[in-house]
Amino acid sequence: TSTADATETLYALERQFGGRRTLDSHELAQLQEALAGVSLRQIIALIERQPTKRGAVLLRLLPPQRAAAAFDALDAGHQADIIEALSDDSVTRLFAALGAEDRVQLLDNLPAEIADRVMQGLDEEERRITSALLGYEKGSVGRHMSPEIVVVMPSDGVGGVVEKLRACADSLETIYTIPVVDADRILVGVAQFKDLFVADPQVSVEEVMSEPVWA
């Protein structure tokens, strides 16, 4: 089926089911097949045209990664409404497919009770990563740092930091620098990997770090 045919089928189904409150399994299968053949942009526009519960149904018919991408494109108010309409399992699958930064941005805009529901649905590791980013102030650099990057403080000993880096080398997303933050998690410097590995293990990170470069 060509994209044009899939688009026409989707529009036809939208007209056919538009006034219906519920759809049977055959009709849902038709919608799912049509959604598979159209662009993400068309899916987002379709969800935006639907009542909240119908939009939630459409998201459940998409593969997890595509559902997450469509959900991420919606405005915060629409996202909150859809989360309320989704079952706990659907919310968990949707949020697990989002990146940590996108998840945090969304949680910032959700009512507290809905945000708590979302957090409780994540597994322990995803909850830890998300909580780490939420610990930084809104608008701070920390909110945009990958949670897989090691973060250190100026007073940390170089020897301990090097051991920490070696222990988690396989999961690090950068091999060049690590951020240095103060007690309030404000970025105060950066440390080059090569400088850390050649420095005296007894000195502090403050002695080998450099000033952060701001864009």
# chains A, B, ... in the order shown; residues from 1 in each chain; ligands from 1
$ residues_around --residues "region 189-197 of chain A" --least-positions-apart "6" --cutoff "10 Å" --atoms "only C-alpha atoms" --output "PyMOL selection string"
chain A and resi 151-154+157-159+161-163+165+174-182+203-213
$ residues_around --residues "Arg66 (chain A)" --least-positions-apart "2" --cutoff "12 Å" --atoms "only C-alpha atoms" --output "MDAnalysis selection string"
chainID A and resid 35:36 38:41 43:44 58:64 68:73 93:95 97:98
$ closest_residue --among "A:Val57, A:Val198, A:Ala45, A:Ala183" --to "Glu27 (chain A)" --atoms "only C-alpha atoms"
A:Val57
$ atom_distance --atom1 "CA of Glu126 (chain A)" --atom2 "CA of Ser87 (chain A)"
19.3 Å
